[in-house]
Amino acid sequence: MPCRPPSSRPGGVQQTRRDLANAGAPTDDTDWQDVRDDAQEFVDEHPWGGGAVEALKRDIQKLDSFCAS
(Lines give C-alpha, C1' and ligand atoms only; values in the text may rest on other atoms or scores of the structure.)
Protein backbone atom coordinates (compact mmCIF):
# COMPACT_ATOMS: atom_id res chain seq x y z
CA MET A 1 0.00 0.00 0.00
CA PRO A 2 1.50 3.38 -0.92
CA CYS A 3 2.05 5.90 1.83
CA ARG A 4 0.23 9.14 1.25
CA PRO A 5 0.92 11.47 4.16
CA PRO A 6 -1.28 14.53 4.25
CA SER A 7 0.42 17.30 2.29
CA SER A 8 -0.12 19.75 5.14
CA ARG A 9 2.19 17.73 7.42
CA PRO A 10 5.97 17.65 7.17
CA GLY A 11 7.71 14.30 6.86
CA GLY A 12 7.09 11.12 5.02
CA VAL A 13 9.19 8.96 2.78
CA GLN A 14 11.14 11.75 1.08
CA GLN A 15 12.12 13.34 4.40
CA THR A 16 13.29 9.99 5.75
CA ARG A 17 15.33 9.36 2.61
CA ARG A 18 16.94 12.82 3.01
CA ASP A 19 17.68 12.17 6.68
CA LEU A 20 19.23 8.79 5.85
CA ALA A 21 21.43 10.45 3.20
CA ASN A 22 22.43 13.18 5.68
CA ALA A 23 23.35 10.46 8.17
CA GLY A 24 25.65 8.85 5.60
CA ALA A 25 23.30 5.95 4.89
CA PRO A 26 21.55 6.77 1.61
CA THR A 27 18.91 4.36 0.37
CA ASP A 28 17.64 3.56 -3.09
CA ASP A 29 14.40 2.24 -1.63
CA THR A 30 11.21 4.18 -2.36
CA ASP A 31 8.54 2.03 -0.70
CA TRP A 32 7.61 3.48 2.71
CA GLN A 33 8.08 0.17 4.52
CA ASP A 34 11.56 -0.39 3.09
CA VAL A 35 12.62 3.18 3.82
CA ARG A 36 11.25 2.87 7.36
CA ASP A 37 13.15 -0.41 7.82
CA ASP A 38 16.37 1.24 6.61
CA ALA A 39 15.86 4.05 9.11
CA GLN A 40 15.14 1.59 11.93
CA GLU A 41 18.25 -0.39 11.06
CA PHE A 42 20.36 2.78 11.25
CA VAL A 43 18.84 3.69 14.63
CA ASP A 44 19.45 0.18 15.96
CA GLU A 45 23.07 0.27 14.82
CA HIS A 46 23.72 3.63 16.54
CA PRO A 47 22.49 3.17 20.13
CA TRP A 48 24.57 6.12 21.37
CA GLY A 49 22.17 8.48 19.61
CA GLY A 50 23.02 11.81 18.08
CA GLY A 51 21.23 14.27 15.85
CA ALA A 52 20.85 11.91 12.89
CA VAL A 53 19.44 9.16 15.10
CA GLU A 54 16.95 11.52 16.71
CA ALA A 55 15.81 12.80 13.29
CA LEU A 56 15.33 9.25 12.05
CA LYS A 57 13.40 8.28 15.18
CA ARG A 58 11.00 11.15 14.44
CA ASP A 59 10.77 10.05 10.81
CA ILE A 60 9.94 6.48 11.86
CA GLN A 61 7.17 7.73 14.12
CA LYS A 62 5.75 9.88 11.30
CA LEU A 63 5.84 7.01 8.82
CA ASP A 64 4.13 4.74 11.31
CA SER A 65 1.49 7.38 11.94
CA PHE A 66 0.90 8.27 8.28
CA CYS A 67 1.29 4.89 6.65
CA ALA A 68 0.85 1.91 8.96
CA SER A 69 -2.55 0.30 9.14
# chains A, B, ... in the order shown; residues from 1 in each chain; ligands from 1
>>> residues_around(residues="A:Ala55", least_positions_apart="5", cutoff="9 Å", atoms="only C-alpha atoms", output="MDAnalysis selection string")
chainID A and resid 16 19 50 60
>>> select_by_dssp(residues="chain A", states="alpha helix (DSSP H)", output="VMD selection string")
chain A and resid 13 to 22 32 to 45 51 to 67
>>> residues_around(residues="stretch 36-42 of chain A", least_positions_apart="2", cutoff="10 Å", atoms="only C-alpha atoms", output="ChimeraX atom specification")
/A:12-13,16-17,19-20,23-27,29-34,44-47,52-53,55-57,59-64
